[in-house]
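Visitor: Here you go, coords-v1.txt (compact mmCIF, C-alpha atoms):
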```
# COMPACT_ATOMS: atom_id res chain seq x y z
CA MET A 1 29.32 -24.25 19.77
CA ILE A 2 29.47 -28.06 19.55
CA ARG A 3 26.25 -28.41 21.54
CA LYS A 4 24.55 -25.92 19.21
CA ARG A 5 25.63 -27.91 16.15
CA VAL A 6 24.46 -31.17 17.72
CA PHE A 7 21.13 -29.54 18.52
CA ILE A 8 20.73 -28.31 14.92
CA VAL A 9 21.55 -31.80 13.59
CA ILE A 10 18.98 -33.36 15.93
CA VAL A 11 16.34 -30.86 14.86
CA LEU A 12 17.08 -31.55 11.17
CA ILE A 13 16.84 -35.31 11.75
CA VAL A 14 13.49 -34.89 13.51
CA ILE A 15 12.16 -32.65 10.70
CA PHE A 16 13.41 -35.05 8.04
CA GLY A 17 11.91 -38.03 9.85
CA PHE A 18 8.57 -36.31 10.32
CA THR A 19 8.48 -35.26 6.66
CA ALA A 20 9.32 -38.79 5.52
CA LEU A 21 6.62 -40.21 7.80
CA CYS A 22 4.04 -37.79 6.40
CA PHE A 23 5.07 -38.69 2.85
CA ILE A 24 4.70 -42.41 3.59
CA LYS A 25 1.27 -41.77 5.11
CA ILE A 26 0.22 -39.84 1.99
CA LEU A 27 1.37 -42.73 -0.23
CA ASN A 28 -0.43 -45.25 1.94
CA LYS A 29 -3.57 -43.12 1.87
CA LYS A 30 -3.48 -42.99 -1.94
CA GLU A 31 -2.94 -46.75 -2.09
CA ASN A 32 -5.86 -47.35 0.28
CA GLU A 33 -8.11 -45.03 -1.74
CA ILE A 34 -7.31 -46.96 -4.94
CA ILE A 35 -7.96 -50.31 -3.24
CA LYS A 36 -11.21 -48.99 -1.74
CA LYS A 37 -12.40 -47.94 -5.19
CA ALA A 38 -11.48 -51.38 -6.51
CA ASN A 39 -14.07 -52.93 -4.23
CA ASN A 40 -16.77 -51.02 -6.12
CA ASN A 41 -16.16 -53.26 -9.15
CA GLU A 42 -16.97 -56.53 -7.40
CA ASN A 43 -20.03 -57.06 -9.65
CA LYS A 44 -18.31 -55.93 -12.84
CA LYS A 45 -18.64 -58.18 -15.90
CA VAL A 46 -15.63 -58.54 -18.19
CA SER A 47 -14.48 -60.35 -21.31
CA VAL A 48 -11.35 -62.48 -20.94
CA TRP A 49 -8.84 -64.14 -23.25
CA ALA A 50 -7.20 -67.55 -22.91
CA VAL A 51 -4.13 -67.85 -25.15
CA TYR A 52 -3.06 -71.18 -26.66
CA TRP A 53 0.58 -70.93 -25.49
CA ASP A 54 -0.15 -70.27 -21.80
CA LEU A 55 -3.04 -72.29 -20.41
CA ASP A 56 -1.68 -73.90 -17.22
CA ARG A 57 -3.29 -71.44 -14.80
CA VAL A 58 -6.44 -70.80 -16.84
CA PRO A 59 -8.66 -73.33 -14.96
CA LYS A 60 -7.68 -71.80 -11.60
CA GLU A 61 -8.17 -68.23 -12.77
CA VAL A 62 -11.53 -69.01 -14.37
CA SER A 63 -12.70 -70.45 -11.04
CA GLU A 64 -11.66 -67.18 -9.34
CA LEU A 65 -13.25 -64.95 -11.99
CA GLU A 66 -16.29 -67.06 -12.85
CA LYS A 67 -18.93 -64.60 -11.61
CA HIS A 68 -17.29 -61.72 -13.52
CA ILE A 69 -16.99 -63.35 -16.96
CA ASP A 70 -19.30 -62.02 -19.67
CA ASN A 71 -17.43 -63.16 -22.80
CA PHE A 72 -14.75 -65.85 -23.04
CA CYS A 73 -12.40 -65.41 -26.03
CA TYR A 74 -10.27 -68.33 -27.16
CA PHE A 75 -7.06 -67.01 -28.70
CA ALA A 76 -6.51 -67.96 -31.45
CA ALA A 77 -7.01 -69.48 -34.88
CA TYR A 78 -4.23 -68.58 -37.32
CA TYR A 79 -3.39 -69.32 -40.97
CA ASP A 80 -1.12 -71.87 -42.64
CA ASN A 81 1.00 -71.18 -45.72
CA LYS A 82 -2.03 -71.87 -47.95
CA ASN A 83 -4.18 -69.35 -46.06
CA GLN A 84 -6.25 -72.07 -44.41
CA LEU A 85 -7.23 -71.58 -40.78
CA ILE A 86 -5.65 -73.72 -38.06
CA LEU A 87 -7.09 -74.06 -34.57
CA PRO A 88 -4.40 -75.18 -32.08
CA GLU A 89 -5.15 -78.44 -30.29
CA SER A 90 -4.47 -76.74 -26.95
CA THR A 91 -7.29 -74.27 -27.68
CA VAL A 92 -9.68 -77.08 -28.55
CA LYS A 93 -8.81 -78.92 -25.32
CA ILE A 94 -9.19 -75.92 -23.01
CA PHE A 95 -12.50 -75.03 -24.69
CA GLN A 96 -13.80 -78.57 -24.10
CA TYR A 97 -12.58 -78.53 -20.49
CA ILE A 98 -14.18 -75.17 -19.68
CA GLU A 99 -17.44 -76.12 -21.42
CA LYS A 100 -17.69 -79.37 -19.46
CA LYS A 101 -16.79 -77.85 -16.08
CA TYR A 102 -19.05 -74.81 -16.52
CA ASP A 103 -21.91 -76.34 -18.47
CA ASP A 104 -24.34 -73.92 -16.83
CA LYS A 105 -22.20 -70.87 -17.60
CA LYS A 106 -23.82 -67.61 -18.58
CA TRP A 107 -21.01 -66.22 -20.72
CA LYS A 108 -20.61 -66.24 -24.53
CA ASN A 109 -17.71 -68.08 -26.16
CA TYR A 110 -15.79 -66.37 -28.97
CA LEU A 111 -13.21 -67.78 -31.35
CA THR A 112 -10.47 -65.21 -31.97
CA VAL A 113 -8.91 -65.14 -35.46
CA VAL A 114 -5.53 -63.43 -35.96
CA ASN A 115 -3.43 -62.50 -38.99
CA ASP A 116 -0.53 -64.74 -37.96
CA LYS A 117 0.75 -67.08 -40.67
CA MET A 118 2.58 -70.32 -39.96
CA ILE A 119 5.27 -70.59 -42.64
CA LYS A 120 6.31 -74.02 -41.43
CA ASP A 121 6.15 -75.94 -38.16
CA GLY A 122 7.03 -73.54 -35.35
CA VAL A 123 7.91 -70.65 -37.69
CA PHE A 124 5.42 -67.77 -37.82
CA SER A 125 4.97 -64.45 -39.54
CA HIS A 126 3.06 -62.50 -36.89
CA LYS A 127 0.62 -59.68 -37.68
CA ASP A 128 1.18 -60.34 -41.37
CA THR A 129 -0.37 -57.59 -43.52
CA SER A 130 0.69 -59.32 -46.75
CA LEU A 131 -1.60 -62.13 -45.63
CA LEU A 132 -4.44 -59.62 -45.25
CA TYR A 133 -3.92 -58.34 -48.79
CA GLU A 134 -4.18 -61.94 -50.00
CA LEU A 135 -7.36 -62.55 -47.99
CA PHE A 136 -8.96 -59.29 -49.21
CA LYS A 137 -7.70 -59.19 -52.82
CA SER A 138 -11.11 -59.92 -54.37
CA ASP A 139 -14.76 -60.41 -53.50
CA GLU A 140 -14.20 -64.13 -53.94
CA SER A 141 -11.24 -64.23 -51.52
CA ILE A 142 -13.22 -62.25 -48.92
CA LYS A 143 -16.09 -64.69 -49.32
CA LYS A 144 -13.75 -67.68 -49.00
CA ASN A 145 -12.10 -66.35 -45.83
CA THR A 146 -15.47 -65.42 -44.32
CA ASN A 147 -16.86 -68.89 -45.00
CA GLN A 148 -13.93 -70.68 -43.39
CA ILE A 149 -14.08 -68.44 -40.29
CA ILE A 150 -17.81 -69.05 -39.84
CA SER A 151 -17.47 -72.78 -40.52
CA LEU A 152 -14.69 -73.14 -37.94
CA ALA A 153 -16.68 -71.22 -35.30
CA LEU A 154 -19.85 -73.23 -35.89
CA LEU A 155 -18.01 -76.56 -35.97
CA GLY A 156 -16.26 -75.71 -32.71
CA GLY A 157 -19.46 -74.74 -30.92
CA TYR A 158 -18.64 -71.07 -30.38
CA ASP A 159 -21.24 -68.33 -29.91
CA GLY A 160 -19.30 -65.69 -31.77
CA ILE A 161 -16.24 -64.62 -33.74
CA GLU A 162 -13.57 -62.13 -32.77
CA ILE A 163 -11.33 -60.61 -35.45
CA ASP A 164 -7.88 -59.46 -34.35
CA TYR A 165 -6.12 -58.37 -37.54
CA GLU A 166 -3.24 -56.10 -36.51
CA ALA A 167 -0.41 -53.90 -37.84
CA ILE A 168 -2.53 -52.20 -40.52
CA LYS A 169 -1.34 -48.90 -39.04
CA LYS A 170 -1.90 -46.01 -41.51
CA ASP A 171 -2.31 -48.12 -44.64
CA MET A 172 -5.63 -46.63 -45.78
CA GLN A 173 -5.81 -48.88 -48.83
CA LEU A 174 -5.77 -51.91 -46.55
CA TRP A 175 -8.22 -50.27 -44.14
CA ARG A 176 -10.72 -49.78 -46.99
CA LEU A 177 -10.46 -53.49 -47.80
CA TYR A 178 -10.77 -54.33 -44.11
CA GLU A 179 -13.97 -52.28 -43.83
CA LYS A 180 -15.42 -54.22 -46.76
CA PHE A 181 -14.45 -57.51 -45.14
CA CYS A 182 -15.99 -56.52 -41.77
CA SER A 183 -19.27 -55.56 -43.45
CA TYR A 184 -19.50 -58.88 -45.29
CA LEU A 185 -18.41 -60.91 -42.27
CA TYR A 186 -20.97 -59.20 -40.02
CA LYS A 187 -23.76 -59.89 -42.53
CA LYS A 188 -22.85 -63.57 -42.90
CA SER A 189 -22.08 -64.20 -39.22
CA SER A 190 -25.42 -62.67 -38.23
CA GLU A 191 -27.18 -64.96 -40.70
CA ALA A 192 -25.36 -67.90 -39.08
CA GLY A 193 -26.44 -66.80 -35.59
CA LEU A 194 -22.92 -65.76 -34.54
CA GLN A 195 -21.99 -62.53 -32.78
CA LEU A 196 -18.98 -60.49 -33.94
CA ARG A 197 -16.28 -58.59 -32.05
CA VAL A 198 -13.63 -56.54 -33.88
CA LEU A 199 -10.38 -55.54 -32.16
CA LEU A 200 -8.64 -52.24 -32.86
CA GLU A 201 -5.10 -51.19 -31.97
CA PRO A 202 -4.60 -47.85 -30.18
CA SER A 203 -2.82 -46.53 -33.28
CA ALA A 204 -5.77 -47.24 -35.61
CA PRO A 205 -6.84 -44.07 -37.52
CA ILE A 206 -10.37 -44.41 -36.17
CA GLU A 207 -11.47 -40.92 -37.19
CA LYS A 208 -10.82 -41.83 -40.86
CA LEU A 209 -12.51 -45.23 -40.82
CA MET A 210 -15.97 -46.18 -42.03
CA LEU A 211 -16.50 -49.34 -40.04
CA PRO A 212 -19.94 -50.97 -40.28
CA GLU A 213 -22.50 -50.66 -37.53
CA GLY A 214 -23.34 -53.96 -35.88
CA PRO A 215 -20.17 -55.59 -34.50
CA ASP A 216 -18.86 -54.84 -31.01
CA TYR A 217 -15.64 -52.84 -31.30
CA VAL A 218 -12.86 -53.36 -28.77
CA ILE A 219 -9.84 -51.06 -28.55
CA MET A 220 -6.61 -52.18 -26.91
CA CYS A 221 -5.79 -49.77 -24.09
CA TYR A 222 -2.17 -50.88 -23.80
CA ASN A 223 1.22 -50.78 -25.56
CA LEU A 224 1.99 -47.29 -24.24
CA HIS A 225 5.30 -48.79 -23.07
CA GLY A 226 6.81 -52.09 -24.12
CA PRO A 227 9.80 -53.80 -25.75
CA ASN A 228 10.59 -50.83 -28.03
CA THR A 229 10.21 -48.01 -25.51
CA LYS A 230 11.75 -46.72 -22.32
CA PRO A 231 10.49 -48.26 -19.05
CA GLY A 232 6.95 -47.38 -18.07
CA PRO A 233 3.40 -48.71 -17.60
CA LYS A 234 1.37 -50.45 -20.30
CA ALA A 235 -1.14 -47.61 -19.90
CA ASP A 236 -1.69 -44.52 -17.81
CA LYS A 237 -4.69 -42.35 -17.03
CA GLU A 238 -4.10 -39.83 -19.84
CA PHE A 239 -3.55 -42.60 -22.41
CA ILE A 240 -6.82 -44.31 -21.46
CA ARG A 241 -8.81 -41.07 -21.48
CA LYS A 242 -7.57 -40.25 -24.99
CA LEU A 243 -8.60 -43.69 -26.25
CA VAL A 244 -12.08 -43.42 -24.72
CA GLU A 245 -12.52 -40.06 -26.45
CA LYS A 246 -11.09 -41.46 -29.68
CA MET A 247 -13.66 -44.28 -29.69
CA SER A 248 -16.58 -41.84 -29.53
CA VAL A 249 -16.90 -41.88 -33.35
CA ILE A 250 -17.18 -45.67 -33.53
CA PRO A 251 -20.75 -46.91 -34.15
CA GLY A 252 -22.55 -49.29 -31.80
CA LYS A 253 -21.26 -51.05 -28.72
CA LYS A 254 -17.75 -50.19 -27.59
CA GLU A 255 -15.44 -52.08 -25.27
CA PHE A 256 -12.03 -51.31 -23.79
CA ALA A 257 -9.31 -53.93 -23.35
CA LEU A 258 -6.91 -53.61 -20.41
CA ALA A 259 -3.71 -55.62 -20.03
CA THR A 260 -2.42 -57.36 -16.92
CA GLY A 261 1.28 -57.82 -16.17
CA GLY A 262 4.06 -55.68 -17.60
CA PHE A 263 7.71 -55.63 -18.61
CA ASP A 264 11.20 -55.96 -17.13
CA TRP A 265 13.84 -53.67 -18.71
CA ASP A 266 17.52 -54.28 -17.98
CA GLU A 267 20.30 -51.71 -18.32
CA ASN A 268 21.53 -53.32 -21.56
CA GLY A 269 18.23 -52.74 -23.33
CA GLU A 270 16.86 -56.27 -23.04
CA VAL A 271 13.14 -56.39 -22.32
CA LYS A 272 10.99 -59.32 -21.29
CA ALA A 273 7.31 -59.59 -20.50
CA VAL A 274 6.35 -60.44 -16.92
CA THR A 275 3.04 -61.56 -15.46
CA GLN A 276 1.80 -60.30 -12.13
CA LEU A 277 2.82 -63.62 -10.58
CA GLN A 278 6.34 -63.41 -12.05
CA ALA A 279 6.73 -59.81 -10.88
CA LYS A 280 5.83 -60.81 -7.32
CA GLU A 281 8.37 -63.63 -7.46
CA ILE A 282 11.08 -61.16 -8.56
CA ILE A 283 10.14 -58.79 -5.74
CA LYS A 284 10.46 -61.61 -3.22
CA GLU A 285 13.70 -63.00 -4.65
CA TYR A 286 15.53 -59.65 -4.73
CA ASN A 287 13.76 -58.03 -1.77
CA ALA A 288 12.78 -55.12 -4.03
CA GLU A 289 10.88 -52.10 -2.74
CA THR A 290 7.74 -51.31 -4.74
CA MET A 291 5.89 -48.08 -5.38
CA ARG A 292 2.51 -47.47 -7.03
CA ASP A 293 2.76 -44.79 -9.71
CA ASP A 294 0.10 -42.11 -9.27
CA GLU A 295 -0.26 -41.34 -13.00
CA SER A 296 -0.90 -44.95 -14.02
CA CYS A 297 -1.82 -46.85 -10.84
CA ALA A 298 0.81 -49.40 -11.97
CA ILE A 299 3.47 -50.84 -9.66
CA LYS A 300 7.14 -50.14 -10.35
CA PHE A 301 10.36 -51.33 -8.76
CA SER A 302 14.07 -51.75 -9.44
CA TYR A 303 16.50 -54.54 -8.62
CA GLU A 304 20.00 -55.78 -9.40
CA ASP A 305 20.28 -59.38 -10.59
CA GLU A 306 22.96 -61.94 -9.66
CA LYS A 307 25.12 -60.78 -12.60
CA GLY A 308 25.08 -57.19 -11.37
CA LYS A 309 22.71 -55.92 -14.06
CA LYS A 310 20.19 -53.29 -13.01
CA HIS A 311 16.53 -53.77 -13.91
CA GLU A 312 13.39 -51.63 -13.87
CA VAL A 313 9.99 -53.33 -13.78
CA TRP A 314 6.52 -51.91 -14.33
CA TYR A 315 3.41 -54.07 -14.06
CA ALA A 316 -0.33 -53.96 -13.52
CA ASP A 317 -2.10 -55.86 -10.76
CA MET A 318 -5.86 -56.04 -10.18
CA VAL A 319 -5.80 -52.75 -8.27
CA THR A 320 -4.32 -51.16 -11.40
CA ILE A 321 -6.97 -52.76 -13.60
CA ASN A 322 -9.75 -51.48 -11.34
CA CYS A 323 -8.23 -48.00 -11.36
CA TRP A 324 -8.31 -48.02 -15.17
CA ILE A 325 -11.90 -49.28 -15.18
CA ASP A 326 -12.87 -46.34 -12.96
CA ILE A 327 -11.32 -43.92 -15.47
CA ILE A 328 -13.22 -45.48 -18.38
CA GLU A 329 -16.48 -45.39 -16.46
CA GLU A 330 -16.10 -41.66 -15.91
CA TYR A 331 -17.26 -41.45 -19.55
CA GLY A 332 -20.14 -43.93 -19.28
CA SER A 333 -20.95 -47.61 -18.94
CA TYR A 334 -18.74 -49.59 -21.31
CA GLY A 335 -17.65 -53.19 -21.68
CA ILE A 336 -14.25 -54.17 -20.30
CA SER A 337 -11.93 -56.88 -21.63
CA ILE A 338 -8.96 -58.33 -19.73
CA TRP A 339 -5.84 -59.34 -21.68
CA ARG A 340 -5.23 -62.01 -20.47
CA LEU A 341 -5.73 -65.09 -18.26
CA GLY A 342 -2.49 -66.58 -16.93
CA GLY A 343 -0.17 -65.37 -14.18
CA ASN A 344 -2.67 -63.21 -12.29
CA TYR A 345 -4.08 -62.88 -8.76
CA TYR A 346 -7.72 -61.82 -8.56
CA GLU A 347 -8.19 -61.29 -4.83
CA GLU A 348 -8.49 -57.52 -5.32
CA PHE A 349 -10.80 -57.64 -8.34
```
Please, can you express the file's structure as structure tokens?
Guide:
Amino acid sequence: MIRKRVFIVIVLIVIFGFTALCFIKILNKKENEIIKKANNNENKKVSVWAVYWDLDRVPKEVSELEKHIDNFCYFAAYYDNKNQLILPESTVKIFQYIEKKYDDKKWKNYLTVVNDKMIKDGVFSHKDTSLLYELFKSDESIKKNTNQIISLALLGGYDGIEIDYEAIKKDMQLWRLYEKFCSYLYKKSSEAGLQLRVLLEPSAPIEKLMLPEGPDYVIMCYNLHGPNTKPGPKADKEFIRKLVEKMSVIPGKKEFALATGGFDWDENGEVKAVTQLQAKEIIKEYNAETMRDDESCAIKFSYEDEKGKKHEVWYADMVTINCWIDIIEEYGSYGISIWRLGGNYYEEF
């Protein structure tokens, strides 16, 4: 009887081990297939952003991505408490450095303008829609804002302007004013020899908008999960497909922005952003086991910190980005933007 039980246990262990081995092989096969597809994008051109608060690794990452860069967006000019544009000194310096080092570059340089308002030194109102109402309140205010945007771009030596006015959400009154502004800005920027990109959030009511033909429109394919949600990827395959289909009504050239990095959620509800580099450091420090999620191609892992708090991390690496590019290109040949330079490895791009 004992021998029979031992035999059964041995058989179960063998079956379990074989099943686990097969499962691991399936996971590895999926991972290898994703990486193999990533190699197909080695000649892909992308737009990239450099943000004024995180520029340390930008020179290194530009050197790694140089052959892929199509548009270089400098993020960002914002407004002071008198609605005058301010261009951070760090942005000016990185622009001058990149221009000098890559004087034979083929890409276009864009100045990004955001609806952030500096109330006083170091104190900001981010994604301020009250500011937008002030900027759009009359034909004269639209003209004034347009003129200062174009003047700043020309003075700085940029090839184009990128407008990133966010948090309009479902405010159709503000959208109507925004449409008017975009039309006027496109007319005047074209006259000045400047190209125009307009960013759209995934929540924008695109089907109800009457945006002018002419600018390049870029939709943010991220924010599916973040600081105000449960743990998960910044985007997944279904989310991206819906946004590609949503953008079909937009006139002219369309581009899709994909985000690197991710977030770290702890069991107490605290959430912090992590870059790919930071995520890899956490994995190494806590010896965490990673898994690539099939629905998003993102990497996820869990760990317990030195205080005993449990964490769940989701982030995108370059394999993830390439997976998302493949999904977008199922629908056609579109431009791709990468948010953002800083904290990334590009070996697999």
Visitor: Identify which of the residues A:Pro202, A:Gly232, A:Gly261, A:Pro251 lies closest to A:Tyr345, counting only C-alpha atoms when measuring atom-to-atom distances.
Guide: A:Gly261
Visitor: Tell me which of A:Ser63, A:Ser125, A:Asn83, A:Thr260 sits closest to A:Tyr102, counting only C-alpha atoms.
Guide: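 For A:Tyr102, the nearest of the candidates is A:Ser63.
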Visitor: Can you work out which one of A:Cys73, A:Asp236, A:Thr229, A:Glu285 has the shortest atom-to-atom distance to A:Ala153, counting all atoms listed in the file?
Guide: A:Cys73
Visitor: Given the point (0.2, -57.9, -13.9) in the coordinates of this file, which residues lie within 8 Å, counting all atoms listed in the file, and how would they look as a list in words?
Guide: Ala259, Thr260, Gly261, Gly262, Val274, Thr275, Gln276, Leu277, Ala279, Tyr315, Ala316, Asp317, Met318, Gly343 and Asn344 of chain A
Visitor: For A:Gly156, list every protein, DNA or RNA residue within 10 Å, evaluated using only C-alpha atoms, and leave out those in the same chain fewer than 5 positions away; present the list as a list in words.
Guide: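 Here the answer would be Leu87, Val92, Phe95, Gln96, Leu111, Ile150 and Ser151 of chain A.
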Visitor: Quick one: what's the axis-aligned box for stretch 166-171 of chain A, all listed atoms, 8 Å on every side, centre and edges in Å to one decimal, as lines of an AutoDock Vina configuration file?
Guide:
```
center_x = -1.8
center_y = -51.1
center_z = -40.6
size_x = 18.8
size_y = 26.1
size_z = 24.1
```
Visitor: Excluding same-chain residues fewer than 2 positions from A:Ile98, what lies within 10 Å of it counting all atoms listed in the file, as a PyMOL selection string?
Guide: chain A and resi 58-59+62-63+72+93-96+100-103+105
Visitor: For a quick check of understanding, using all atoms listed in the file, which of A:Glu267, A:Asp294, A:Glu281, A:Asp80 has the smallest distance to A:Glu238?
Guide: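 Selected residue with least distance to A:Glu238: A:Asp294.
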Visitor: Find the residues near A:Phe75: any atom within 8 Å, counting only C-alpha atoms, skip ones fewer than 2 places away on the same chain, and give them as a VMD selection string.
Guide: chain A and resid 49 to 52 73 77 91 111 to 113
Visitor: Go through A:Pro205, A:Gly252, A:Gly122, A:Gly332 one by one, measure the shortest atom-to-atom distance of each to A:Arg176 using only C-alpha atoms, and give the residue with the smallest value.
Guide: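 Looking only at the distances to A:Arg176, the closest residue turns out to be A:Pro205.
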Visitor: Would you please work out which residue, of A:Tyr79, A:Arg241, A:Trp53, A:Lys106, is nearest to A:Phe124 when using all atoms listed in the file?
Guide: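 Nearest candidate to A:Phe124 out of A:Tyr79, A:Arg241, A:Trp53, A:Lys106: A:Tyr79.
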Visitor: Determine, counting all atoms listed in the file, which protein, DNA and RNA residues have an atom within 12 Å of an atom of A:Asp70; residues of the same chain fewer than 4 positions away are not included. Present the result as number ranges by chain.
Guide: A: 43-49, 62, 65-66, 105-110, 335-338
Visitor: Next, dump the selected residues to file, keeping only C-alpha atoms, as a PDB file, in the coordinates of the input.
Guide:
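Output saved as selection_15.pdb:
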```pdb
ATOM      1  CA  ASN A  43     -20.030 -57.060  -9.650  1.00  0.00           C
ATOM      2  CA  LYS A  44     -18.310 -55.930 -12.840  1.00  0.00           C
ATOM      3  CA  LYS A  45     -18.640 -58.180 -15.900  1.00  0.00           C
ATOM      4  CA  VAL A  46     -15.630 -58.540 -18.190  1.00  0.00           C
ATOM      5  CA  SER A  47     -14.480 -60.350 -21.310  1.00  0.00           C
ATOM      6  CA  VAL A  48     -11.350 -62.480 -20.940  1.00  0.00           C
ATOM      7  CA  TRP A  49      -8.840 -64.140 -23.250  1.00  0.00           C
ATOM      8  CA  VAL A  62     -11.530 -69.010 -14.370  1.00  0.00           C
ATOM      9  CA  LEU A  65     -13.250 -64.950 -11.990  1.00  0.00           C
ATOM     10  CA  GLU A  66     -16.290 -67.060 -12.850  1.00  0.00           C
ATOM     11  CA  LYS A 105     -22.200 -70.870 -17.600  1.00  0.00           C
ATOM     12  CA  LYS A 106     -23.820 -67.610 -18.580  1.00  0.00           C
ATOM     13  CA  TRP A 107     -21.010 -66.220 -20.720  1.00  0.00           C
ATOM     14  CA  LYS A 108     -20.610 -66.240 -24.530  1.00  0.00           C
ATOM     15  CA  ASN A 109     -17.710 -68.080 -26.160  1.00  0.00           C
ATOM     16  CA  TYR A 110     -15.790 -66.370 -28.970  1.00  0.00           C
ATOM     17  CA  GLY A 335     -17.650 -53.190 -21.680  1.00  0.00           C
ATOM     18  CA  ILE A 336     -14.250 -54.170 -20.300  1.00  0.00           C
ATOM     19  CA  SER A 337     -11.930 -56.880 -21.630  1.00  0.00           C
ATOM     20  CA  ILE A 338      -8.960 -58.330 -19.730  1.00  0.00           C
TER      21      ILE A 338
END
```
Visitor: Any idea what the distance is between atom CA of A:Glu179 and atom CA of A:Ile69?
Guide: 29.2 Å
Visitor: For A:Asp128, list every protein, DNA or RNA residue within 7 Å, evaluated using only C-alpha atoms, and leave out those in the same chain fewer than 5 positions away; present the list as a list in words.
Guide: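 Answer for this query is Asn115, Asp116 and Lys117 of chain A.
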